[in-house]
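Just coords.csv here, CSV, C-alpha atoms:
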chain,number,residue,atom,x,y,z
A,169,MET,CA,144.4,206.8,148.0
A,170,PRO,CA,147.8,206.3,149.5
A,171,ARG,CA,149.9,203.2,149.0
A,172,PHE,CA,151.3,201.3,152.0
A,173,PHE,CA,154.3,199.0,152.4
A,174,TYR,CA,153.4,196.3,154.9
A,175,LYS,CA,154.6,193.1,156.6
A,176,ALA,CA,152.0,190.5,157.8
A,177,LYS,CA,151.8,187.0,159.3
A,178,ASN,CA,149.7,184.5,157.4
A,179,ASP,CA,147.7,181.6,158.9
A,180,LYS,CA,150.8,179.4,158.8
A,181,GLY,CA,152.9,181.9,160.8
A,182,LYS,CA,155.1,183.0,157.9
A,183,THR,CA,155.9,186.7,157.3
A,184,GLU,CA,154.8,188.2,154.0
A,185,ALA,CA,155.6,191.6,152.6
A,186,GLY,CA,153.8,193.7,150.0
A,187,THR,CA,152.0,196.9,149.1
A,188,LEU,CA,148.3,197.8,149.1
A,189,GLU,CA,146.4,201.0,148.2
A,190,VAL,CA,144.0,201.7,151.1
A,191,ALA,CA,142.6,204.8,152.9
A,192,ASP,CA,144.7,204.4,156.0
A,193,GLU,CA,146.5,201.9,158.3
A,194,ARG,CA,143.3,200.8,160.0
A,195,ALA,CA,141.8,199.9,156.6
A,196,LEU,CA,145.0,198.1,155.7
A,197,ALA,CA,144.8,195.9,158.8
A,198,LYS,CA,141.1,195.2,158.1
A,199,THR,CA,141.8,194.2,154.5
A,200,LEU,CA,144.6,191.9,155.5
A,201,LYS,CA,142.5,190.3,158.3
A,202,GLU,CA,139.8,189.5,155.7
A,203,GLN,CA,142.5,187.8,153.7
A,204,GLY,CA,143.5,185.7,156.7
A,205,ARG,CA,146.7,187.7,157.5
A,206,PHE,CA,147.7,189.7,160.6
A,207,LEU,CA,149.4,193.1,160.1
A,208,ILE,CA,152.7,193.5,162.0
A,209,TRP,CA,154.2,196.6,160.3
A,210,ALA,CA,153.1,199.3,157.9
A,211,GLU,CA,154.5,202.5,156.4
A,212,PRO,CA,153.2,204.9,153.8
A,213,GLU,CA,155.0,204.5,150.5
A,214,GLU,CA,155.8,208.2,150.2
A,215,LYS,CA,157.4,208.2,153.7
A,216,ALA,CA,159.4,205.1,153.0
A,217,LEU,CA,160.8,206.5,149.7
A,218,LYS,CA,161.8,209.8,151.4
A,219,LYS,CA,163.6,207.8,154.1
A,220,LYS,CA,165.5,205.9,151.3
A,221,VAL,CA,166.5,209.1,149.6
A,222,LYS,CA,167.6,210.6,153.0
A,223,ILE,CA,169.8,207.5,153.7
A,224,ALA,CA,171.3,207.6,150.1
A,225,SER,CA,172.1,211.3,150.5
A,226,TYR,CA,173.9,210.6,153.7
A,227,PHE,CA,176.4,208.4,151.9
A,228,LYS,CA,176.7,210.9,149.0
A,229,ARG,CA,180.3,212.3,148.8
A,230,ILE,CA,180.7,215.9,149.7
A,231,SER,CA,181.9,217.3,146.5
A,232,LEU,CA,184.0,220.4,145.7
A,233,VAL,CA,180.8,222.0,144.3
A,234,ASP,CA,179.0,221.6,147.6
A,235,LYS,CA,181.9,223.3,149.4
A,236,ILE,CA,182.0,226.1,146.8
A,237,MET,CA,178.3,226.8,147.2
A,238,PHE,CA,178.7,226.7,151.0
A,239,THR,CA,181.6,229.2,151.1
A,240,ARG,CA,180.1,231.6,148.5
A,241,ASN,CA,176.7,231.7,150.2
A,242,LEU,CA,178.2,232.1,153.6
A,243,GLN,CA,180.3,235.0,152.2
A,244,VAL,CA,177.2,236.7,150.8
A,245,MET,CA,175.2,236.3,154.0
A,246,VAL,CA,178.0,237.5,156.3
A,247,SER,CA,178.7,240.5,154.1
A,248,ALA,CA,174.9,241.3,154.3
A,249,GLY,CA,175.2,241.3,158.1
A,250,VAL,CA,173.5,238.0,158.8
A,251,PRO,CA,174.9,236.4,162.0
A,252,ILE,CA,177.0,233.3,161.4
A,253,PRO,CA,174.7,230.9,163.4
A,254,LYS,CA,171.7,232.1,161.3
A,255,ALA,CA,173.6,231.9,158.1
A,256,LEU,CA,174.7,228.3,158.9
A,257,ASP,CA,171.1,227.4,159.8
A,258,ILE,CA,170.0,228.6,156.3
A,259,LEU,CA,172.9,226.7,154.7
A,260,THR,CA,171.9,223.5,156.5
A,261,SER,CA,168.4,223.6,154.9
A,262,GLN,CA,170.0,224.3,151.4
A,263,ALA,CA,172.6,221.4,151.6
A,264,GLU,CA,171.5,218.3,149.5
A,265,SER,CA,173.9,215.8,151.3
A,266,GLN,CA,172.6,214.6,154.7
A,267,LYS,CA,176.2,214.2,155.8
A,268,PHE,CA,177.0,217.8,154.9
A,269,LYS,CA,173.8,219.0,156.6
A,270,LYS,CA,175.0,217.3,159.8
A,271,ILE,CA,178.5,218.9,159.6
A,272,ILE,CA,177.0,222.4,159.0
A,273,GLN,CA,174.7,221.9,161.9
A,274,ASP,CA,177.7,220.9,164.1
A,275,LEU,CA,179.5,224.1,163.0
A,276,LYS,CA,176.4,226.1,164.1
A,277,ASN,CA,176.2,224.3,167.5
A,278,SER,CA,179.9,224.9,168.2
A,279,ILE,CA,179.6,228.7,167.4
A,280,VAL,CA,176.4,228.9,169.6
A,281,LYS,CA,178.6,227.5,172.4
A,282,GLY,CA,181.1,230.3,172.0
A,283,GLU,CA,183.7,228.7,169.7
A,284,LYS,CA,185.2,230.5,166.7
A,285,LEU,CA,184.2,229.3,163.2
A,286,SER,CA,187.9,228.4,162.4
A,287,PHE,CA,188.1,226.2,165.5
A,288,ALA,CA,184.7,224.5,164.6
A,289,LEU,CA,186.0,223.8,161.0
A,290,LYS,CA,189.1,222.1,162.4
A,291,LYS,CA,186.8,219.4,163.9
A,292,HIS,CA,186.0,218.3,160.3
A,293,PRO,CA,189.5,218.0,158.5
A,294,SER,CA,188.2,215.5,155.9
A,295,VAL,CA,185.8,218.2,154.6
A,296,PHE,CA,187.5,221.4,155.5
A,297,PRO,CA,191.3,221.0,155.3
A,298,SER,CA,193.8,223.0,157.4
A,299,LEU,CA,194.2,225.5,154.5
A,300,PHE,CA,190.5,226.3,154.7
A,301,SER,CA,190.3,226.7,158.5
A,302,ASN,CA,193.6,228.7,158.7
A,303,MET,CA,192.3,231.2,156.1
A,304,ILE,CA,189.1,231.6,158.1
A,305,LEU,CA,191.3,232.1,161.3
A,306,ALA,CA,193.3,234.8,159.5
A,307,GLY,CA,190.1,236.5,158.5
A,308,GLU,CA,188.7,236.3,162.1
A,309,GLU,CA,191.9,237.8,163.6
A,310,SER,CA,192.2,240.6,161.0
A,311,GLY,CA,188.4,241.4,161.0
A,312,SER,CA,188.2,240.6,157.2
A,313,MET,CA,186.1,237.4,157.3
A,314,VAL,CA,184.3,238.4,154.1
A,315,ASP,CA,187.5,238.8,152.2
A,316,SER,CA,188.8,235.5,153.4
A,317,LEU,CA,185.6,233.7,152.3
A,318,ALA,CA,185.8,235.5,148.9
A,319,VAL,CA,189.4,234.4,148.4
A,320,LEU,CA,188.5,230.8,149.4
A,321,THR,CA,185.6,230.8,147.0
A,322,GLU,CA,187.8,232.0,144.1
A,323,GLN,CA,190.5,229.4,145.1
A,324,MET,CA,188.1,226.5,144.9
A,325,GLU,CA,186.4,227.7,141.7
A,326,LYS,CA,189.8,227.9,140.0
A,327,GLU,CA,190.6,224.4,141.2
A,328,TYR,CA,187.2,223.1,140.1
A,329,ASP,CA,187.6,224.7,136.7
A,330,LEU,CA,191.0,223.2,136.1
A,331,LYS,CA,190.0,219.7,137.3
A,332,ASN,CA,187.0,219.8,134.8
A,333,LYS,CA,189.3,220.8,131.9
A,334,ILE,CA,191.7,217.9,132.7
A,335,LYS,CA,188.8,215.4,133.0
A,336,GLY,CA,187.4,216.6,129.7
A,337,ALA,CA,190.7,216.2,127.9
A,338,LEU,CA,191.1,212.6,129.2
A,339,ILE,CA,187.6,211.5,128.1
A,340,TYR,CA,188.7,210.8,124.5
A,341,PRO,CA,191.8,208.7,125.3
A,342,ILE,CA,189.9,206.7,128.0
A,343,ILE,CA,187.1,205.9,125.5
A,344,ILE,CA,189.6,204.8,122.8
A,345,VAL,CA,191.6,202.6,125.3
A,346,SER,CA,188.5,201.1,126.8
A,347,ALA,CA,187.1,200.3,123.3
A,348,MET,CA,190.5,198.7,122.3
A,349,LEU,CA,190.6,196.6,125.5
A,350,GLY,CA,186.9,195.6,125.1
A,351,ILE,CA,187.3,194.5,121.4
A,352,GLY,CA,190.6,192.8,122.2
A,353,SER,CA,189.0,190.8,125.1
A,354,LEU,CA,186.1,189.7,122.9
A,355,MET,CA,188.5,188.6,120.2
A,356,MET,CA,190.5,186.6,122.7
A,357,ILE,CA,187.4,185.0,124.3
A,358,MET,CA,185.3,184.3,121.2
A,359,VAL,CA,187.4,184.3,118.0
A,360,ILE,CA,190.8,182.9,119.0
A,361,PRO,CA,189.5,179.6,120.3
A,362,MET,CA,187.6,179.0,117.0
A,363,ILE,CA,190.8,179.7,115.0
A,364,ALA,CA,192.8,177.5,117.4
A,365,ASP,CA,190.4,174.6,116.7
A,366,THR,CA,190.7,175.1,112.9
A,367,PHE,CA,194.5,175.0,113.1
A,368,GLU,CA,194.4,171.9,115.3
A,369,GLN,CA,192.2,170.1,112.8
A,370,LEU,CA,194.5,171.0,109.9
A,371,GLU,CA,197.6,170.1,111.9
A,372,VAL,CA,199.4,173.3,110.9
A,373,ASP,CA,202.9,174.0,112.3
A,374,LEU,CA,202.4,177.3,114.1
A,375,PRO,CA,205.0,180.0,114.7
A,376,LEU,CA,205.8,181.2,118.3
A,377,THR,CA,203.7,184.4,118.1
A,378,THR,CA,200.6,182.5,116.9
A,379,ARG,CA,201.0,179.9,119.7
A,380,ILE,CA,201.3,182.7,122.3
A,381,ILE,CA,198.1,184.4,121.0
A,382,ILE,CA,196.2,181.1,120.9
A,383,ALA,CA,197.4,180.2,124.5
A,384,VAL,CA,196.2,183.5,125.8
A,385,GLY,CA,192.9,183.3,123.9
A,386,VAL,CA,192.2,179.7,125.2
A,387,PHE,CA,193.1,180.9,128.8
A,388,PHE,CA,190.7,183.9,128.4
A,389,ALA,CA,187.9,181.7,127.1
A,390,ASN,CA,188.2,179.2,130.0
A,391,TYR,CA,189.3,181.4,132.9
A,392,TRP,CA,188.1,184.9,131.9
A,393,TYR,CA,187.0,185.5,135.5
A,394,LEU,CA,190.6,185.1,136.8
A,395,PHE,CA,191.7,187.9,134.5
A,396,PHE,CA,189.1,190.3,136.0
A,397,LEU,CA,190.0,189.1,139.5
A,398,PHE,CA,193.7,189.7,138.8
A,399,LEU,CA,192.8,193.2,137.4
A,400,VAL,CA,190.9,194.1,140.6
A,401,VAL,CA,193.7,192.8,142.8
A,402,PHE,CA,196.3,194.6,140.7
A,403,VAL,CA,194.5,198.0,140.8
A,404,LEU,CA,193.9,197.7,144.6
A,405,THR,CA,197.5,196.7,145.2
A,406,LEU,CA,198.8,199.6,143.0
A,407,ARG,CA,196.6,202.0,145.0
A,408,ALA,CA,197.9,200.6,148.3
A,409,VAL,CA,201.5,200.9,147.1
A,410,PHE,CA,201.0,204.5,145.9
A,411,LYS,CA,199.7,205.5,149.3
A,412,THR,CA,203.0,204.5,150.9
A,413,LYS,CA,205.8,207.1,151.2
A,414,LYS,CA,208.1,205.3,148.8
A,415,GLY,CA,205.3,204.4,146.3
A,416,LYS,CA,204.1,208.0,146.2
A,417,SER,CA,207.6,209.2,145.6
A,418,VAL,CA,208.1,206.8,142.7
A,419,LYS,CA,204.7,207.7,141.2
A,420,ASP,CA,205.4,211.5,141.4
A,421,LYS,CA,208.9,211.1,139.9
A,422,LEU,CA,207.4,209.2,137.0
A,423,LEU,CA,204.8,211.9,136.4
A,424,LEU,CA,207.5,214.6,136.4
A,425,LYS,CA,209.7,212.6,134.0
A,426,THR,CA,207.0,211.3,131.5
A,427,PRO,CA,206.9,213.2,128.2
A,428,ILE,CA,203.7,215.2,127.5
A,429,ILE,CA,202.4,214.6,131.1
A,430,SER,CA,205.4,216.1,132.9
A,431,GLY,CA,204.8,219.6,131.5
A,432,LEU,CA,201.1,219.5,132.6
A,433,ILE,CA,202.0,218.2,136.1
A,434,LYS,CA,204.5,221.0,136.7
A,435,LYS,CA,202.2,223.7,135.5
A,436,ILE,CA,199.3,222.4,137.6
A,437,ASN,CA,201.5,222.3,140.7
A,438,LEU,CA,202.9,225.8,140.0
A,439,ALA,CA,199.4,227.2,139.5
A,440,TYR,CA,198.2,225.7,142.7
A,441,PHE,CA,201.4,226.9,144.6
A,442,CYS,CA,201.1,230.5,143.4
A,443,ARG,CA,197.3,230.7,143.8
A,444,THR,CA,197.3,229.2,147.3
A,445,LEU,CA,200.3,231.2,148.6
A,446,SER,CA,198.9,234.5,147.3
A,447,SER,CA,195.5,233.7,148.9
A,448,LEU,CA,197.0,232.9,152.3
A,449,ILE,CA,199.3,236.0,152.3
A,450,ALA,CA,196.4,238.2,151.2
A,451,SER,CA,194.3,236.8,154.1
A,452,GLY,CA,197.0,237.9,156.6
A,453,VAL,CA,198.8,234.6,157.1
A,454,SER,CA,202.6,234.9,157.7
A,455,MET,CA,204.9,233.7,154.9
A,456,VAL,CA,206.3,230.8,157.0
A,457,LYS,CA,202.9,229.6,158.1
A,458,ALA,CA,201.6,230.0,154.5
A,459,LEU,CA,204.4,227.9,153.1
A,460,ASP,CA,203.7,225.2,155.7
A,461,LEU,CA,200.0,225.1,154.8
A,462,VAL,CA,200.8,225.0,151.0
A,463,SER,CA,203.2,222.1,151.5
A,464,LEU,CA,200.6,220.2,153.5
A,465,SER,CA,197.9,220.7,150.8
A,466,ILE,CA,200.0,220.1,147.7
A,467,ASN,CA,200.0,216.5,146.4
A,468,ASN,CA,203.3,216.1,144.6
A,469,VAL,CA,206.1,214.9,147.0
A,470,PHE,CA,208.9,216.8,145.3
A,471,TYR,CA,207.0,220.1,145.4
A,472,LYS,CA,206.1,219.4,149.0
A,473,GLU,CA,209.7,218.8,150.0
A,474,ALA,CA,211.0,221.8,148.1
A,475,ILE,CA,208.4,224.1,149.8
A,476,GLN,CA,209.3,222.7,153.2
A,477,LYS,CA,213.0,223.4,152.5
A,478,SER,CA,212.1,227.0,151.4
A,479,LYS,CA,210.2,227.5,154.7
A,480,LYS,CA,213.2,226.4,156.8
A,481,GLU,CA,215.5,228.7,154.8
A,482,ILE,CA,213.1,231.7,155.2
A,483,GLN,CA,213.1,231.1,159.0
A,484,LYS,CA,216.9,231.6,158.8
A,485,GLY,CA,216.5,234.9,156.9
A,486,THR,CA,216.6,233.8,153.3
A,487,LYS,CA,214.2,235.4,150.8
A,488,LEU,CA,211.5,233.2,149.1
A,489,ALA,CA,212.8,233.8,145.6
A,490,GLU,CA,216.4,232.8,146.6
A,491,SER,CA,215.2,229.6,148.4
A,492,LEU,CA,213.0,228.5,145.4
A,493,ASP,CA,215.9,229.2,143.0
A,494,ARG,CA,217.7,226.1,144.5
A,495,ASN,CA,215.0,223.9,143.1
A,496,ASP,CA,215.2,225.1,139.5
A,497,ASP,CA,214.2,221.7,138.1
A,498,ILE,CA,210.6,222.2,139.4
A,499,PHE,CA,210.5,226.0,140.0
A,500,PRO,CA,211.4,227.7,136.6
A,501,ILE,CA,213.3,230.9,136.4
A,502,LEU,CA,210.1,232.9,135.5
A,503,VAL,CA,208.6,232.0,138.9
A,504,VAL,CA,211.8,232.9,140.8
A,505,GLN,CA,212.3,236.2,138.9
A,506,MET,CA,208.6,237.3,139.4
A,507,ILE,CA,208.7,236.5,143.1
A,508,GLN,CA,212.0,238.4,143.4
A,509,VAL,CA,210.4,241.5,141.8
A,510,GLY,CA,207.4,241.1,144.1
A,511,GLU,CA,209.6,241.0,147.2
A,512,GLU,CA,211.6,244.1,146.1
A,513,THR,CA,208.4,246.1,145.2
A,514,GLY,CA,206.1,244.8,148.0
A,515,GLU,CA,203.8,243.4,145.3
A,516,THR,CA,204.3,239.7,146.1
A,517,VAL,CA,200.6,238.9,146.3
A,518,SER,CA,199.6,240.5,143.0
A,519,LEU,CA,202.6,238.9,141.1
A,520,LEU,CA,201.8,235.5,142.6
A,521,ARG,CA,198.2,235.9,141.3
A,522,LYS,CA,199.5,236.8,137.9
A,523,LEU,CA,201.7,233.8,137.9
A,524,ALA,CA,198.8,231.6,139.0
A,525,GLU,CA,196.6,232.9,136.2
A,526,PHE,CA,199.5,232.4,133.7
A,527,TYR,CA,200.0,228.7,134.7
A,528,GLU,CA,196.3,228.1,134.9
A,529,GLU,CA,196.0,229.3,131.3
A,530,GLU,CA,199.0,227.2,130.3
A,531,SER,CA,197.5,224.1,131.9
A,532,ALA,CA,194.2,224.8,130.2
A,533,ASN,CA,195.9,225.1,126.8
A,534,ILE,CA,197.8,221.8,127.3
A,535,THR,CA,194.6,220.0,128.3
A,536,LYS,CA,192.9,221.4,125.2
A,537,ASN,CA,195.6,219.9,123.0
A,538,MET,CA,196.1,216.7,125.1
A,539,SER,CA,193.8,214.7,122.8
A,540,THR,CA,195.8,215.8,119.8
A,541,LEU,CA,199.1,215.0,121.5
A,542,ILE,CA,197.9,211.6,122.7
A,543,GLU,CA,196.1,210.5,119.5
A,544,PRO,CA,199.2,209.7,117.5
A,545,VAL,CA,200.6,207.6,120.4
A,546,LEU,CA,197.3,205.7,120.7
A,547,MET,CA,197.2,205.1,116.9
A,548,LEU,CA,200.7,203.7,117.0
A,549,ILE,CA,199.9,201.3,119.9
A,550,ILE,CA,196.6,200.2,118.2
A,551,GLY,CA,198.4,199.8,114.9
A,552,ALA,CA,201.1,197.7,116.4
A,553,ALA,CA,198.6,195.5,118.2
A,554,VAL,CA,196.5,195.0,115.1
A,555,ALA,CA,199.7,194.3,113.0
A,556,PHE,CA,201.0,191.7,115.5
A,557,PHE,CA,197.6,190.0,115.7
A,558,ALA,CA,197.1,190.0,111.9
A,559,VAL,CA,200.6,188.7,111.1
A,560,SER,CA,200.4,186.0,113.8
A,561,ILE,CA,197.1,184.7,112.4
A,562,ILE,CA,197.7,185.1,108.7
A,563,GLN,CA,201.3,183.8,108.6
A,564,PRO,CA,200.3,180.1,109.3
A,565,ILE,CA,197.5,180.4,106.7
A,566,TYR,CA,199.9,181.5,104.1
A,567,SER,CA,202.3,178.7,105.1
A,568,MET,CA,199.5,176.2,104.7
A,569,LEU,CA,198.5,177.5,101.3
A,570,GLY,CA,202.1,177.5,100.1
A,571,ALA,CA,202.4,173.8,101.1
A,572,ILE,CA,199.4,172.8,99.0
What would the structure in this file look like if it were written as structure tokens?
Amino acid sequence: MPRFFYKAKNDKGKTEAGTLEVADERALAKTLKEQGRFLIWAEPEEKALKKKVKIASYFKRISLVDKIMFTRNLQVMVSAGVPIPKALDILTSQAESQKFKKIIQDLKNSIVKGEKLSFALKKHPSVFPSLFSNMILAGEESGSMVDSLAVLTEQMEKEYDLKNKIKGALIYPIIIVSAMLGIGSLMMIMVIPMIADTFEQLEVDLPLTTRIIIAVGVFFANYWYLFFLFLVVFVLTLRAVFKTKKGKSVKDKLLLKTPIISGLIKKINLAYFCRTLSSLIASGVSMVKALDLVSLSINNVFYKEAIQKSKKEIQKGTKLAESLDRNDDIFPILVVQMIQVGEETGETVSLLRKLAEFYEEESANITKNMSTLIEPVLMLIIGAAVAFFAVSIIQPIYSMLGAI
């Protein structure tokens, strides 16, 4: 028998909620009436759970994987001759996220009304950025929609693969740092106050470092919640600052100057620049428009500004290689020379793809070795922290023993 969620009024007029296993809603009302309660609302458990799942899926973030599956499946169906409205109808039923379902349905409705797919995509910039809609527009204008979708799919797959490699490389350092902070916090909250009480009873003259550790430990033990509050406020403030133009500029400059990280940041940005530019040009987008779209989609402020400058110089008649050569601090000579060869031979797209593959491989190799590179630094930091703690605690004990 099905189970029902219900709300009922008891003989005192109070509302009660619960579940009962009965044949149907009429049997539920009868059962409750026999118990002296009046049914005011009922819903089958299965229906209620489906509704909860539907609501939860609406708030689920539309991931890069969702967009890859959407683009790849759309490409397959369009290449097989399926009309776009029908293809979007099928993709709506396949989407797991309710939010994404609604967006795909909106795309279909717009196309049924006579709009182009590229125009419909522009109505959802948070899901489909300008890069996506403009590549589709180029495919529509040149009659090569399938090719544009294939290029977009490859672009997103490469981006997804690179992001996963970077996340995988950062797992080990994050675990080590989290464990270090967790153990340190427990020591401060639980161990240090006990040691402080012992030193106080023995009336030992404490050095400055020991007094600092004890003061921090006692503060942690009594006001630990303030620390977590401060941490949350600090993180939120930092995020807000980094969203400002000045803050983002400072952050990006630090990333480009920090040892170990700077090499990876440059290679990731170069890989993205070369891959995206080659995809746009291959889709039929003009060089000026392509550079404009790349600058809008790239994250690093300094690469964004350099690409915008290159765009303006190209509008004046300068070649791409020559314009990039003026930013040799972020565009190495290899990129400039390869693009120059591409411009001279008419193979700019294929050479940009080769450069993208090269820098993607370089980024992957750095991420593979990142744990090995970061491990000695972490060990030095942990060693220094342990040494400072040990010396600060042991020093007064030795002083005390020497005085006996």
Hey, which bits of segment 471-547 of chain A sit within 10 Å of segment 415-427 of chain A, and for each residue what's the closest pair of atoms and how far apart in Å (one decimal), counting all atoms listed in the file, rows by chain and increasing number, as a Markdown table?
| residue | atom | partner | partner_atom | distance |
| --- | --- | --- | --- | --- |
| A:Tyr471 | CA | A:Asp420 | CA | 9.6 |
| A:Asp497 | CA | A:Leu424 | CA | 9.9 |
| A:Ile498 | CA | A:Leu424 | CA | 8.7 |
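The point (176.3, 228.5, 164.2) has these residues within 7 Å of it when all atoms listed in the file are used: Ile252, Pro253, Lys254, Leu256, Asp257, Leu275, Lys276, Asn277, Ser278, Ile279 and Val280 of chain A.
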Exercise. Between atom CA of Phe470 of chain A and atom CA of Glu529 of chain A, measure the distance and give it in Å to one decimal.
Key: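 Atom-to-atom, atom CA of Phe470 of chain A and atom CA of Glu529 of chain A are spaced 22.8 Å apart.
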Practice problem: Enter the distance from atom CA of Ile507 of chain A to atom CA of Ala489 of chain A, in Å, rounded to one decimal. | Solution: 5.5 Å
Exercise. Around the point (216.6, 225.8, 143.8), in the coordinates given by the file, pick out the residues reaching within 12 Å, counting all atoms listed in the file, and return them as a ChimeraX atom specification.
Key: /A:470-471,473-475,477-478,481,488-501,503-504
Quiz prompt | d(atom CA of Ile428 of chain A, atom CA of Phe526 of chain A) in Å | solution =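 That distance, rounded to one decimal, is 18.8 Å.
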Quiz item: Quick one: of A:Lys413, A:Ser531, A:Leu541, A:Leu207, who's nearest to Gly181 of chain A, counting only C-alpha atoms?
Solution: A:Leu207
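Compared by their closest atoms to Leu330 of chain A, and using only C-alpha atoms, the residues A:Phe367, A:Phe402, A:Tyr440, A:Phe300 rank with A:Tyr440 nearest.
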Exercise. Counting only C-alpha atoms, figure out which residue out of A:Leu464, A:Leu299, A:Ala553, A:Leu232 gets nearest to Phe268 of chain A.
Key: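 Ranked by minimum distance to Phe268 of chain A, first place goes to A:Leu232.
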Give me, as a compact mmCIF listing (two decimals) with C-alpha atoms, in the coordinates of the input, all polymer residues having an atom no more than 6 Å from segment 511-521 of chain A, counting all atoms listed in the file and skipping those fewer than 4 positions away in the same chain.
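Writing the result to result-v1.txt gives the following:
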# COMPACT_ATOMS: atom_id res chain seq x y z
CA CYS A 442 201.10 230.50 143.40
CA ARG A 443 197.30 230.70 143.80
CA SER A 446 198.90 234.50 147.30
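Taking all atoms listed in the file into account, Thr444 of chain A lies nearest to A:Val319 out of the set A:Leu338, A:Ala364, A:Val319, A:Val314.
You can rank A:Lys472, A:Arg205, A:Lys281, A:Lys479 by their closest distance to Lys457 of chain A using only C-alpha atoms, and at the top of that list sits A:Lys479.
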Practice problem: Find the residues near Glu528 of chain A: any atom within 8 Å, counting only C-alpha atoms, skip ones fewer than 2 places away on the same chain, and give them as JSON, numbers by chain. | Solution: {"A": [330, 435, 436, 439, 524, 525, 526, 530, 531, 532]}
Practice problem: Could you check which of A:Thr321, A:Thr535, A:Ser294, A:Ser430 is closest to Arg229 of chain A, using all atoms listed in the file? | Solution: A:Ser294
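The neighbours of segment 377-394 of chain A here are the residues that come within 9 Å of it, using all atoms listed in the file and leaving out any residue fewer than 5 positions away in the same chain; they are Ser353, Met355, Met356, Ile357, Met358, Val359, Ile360, Pro361, Ile363, Ala364, Leu399, Phe556, Phe557, Val559, Ser560, Ile561, Gln563 and Pro564 of chain A.
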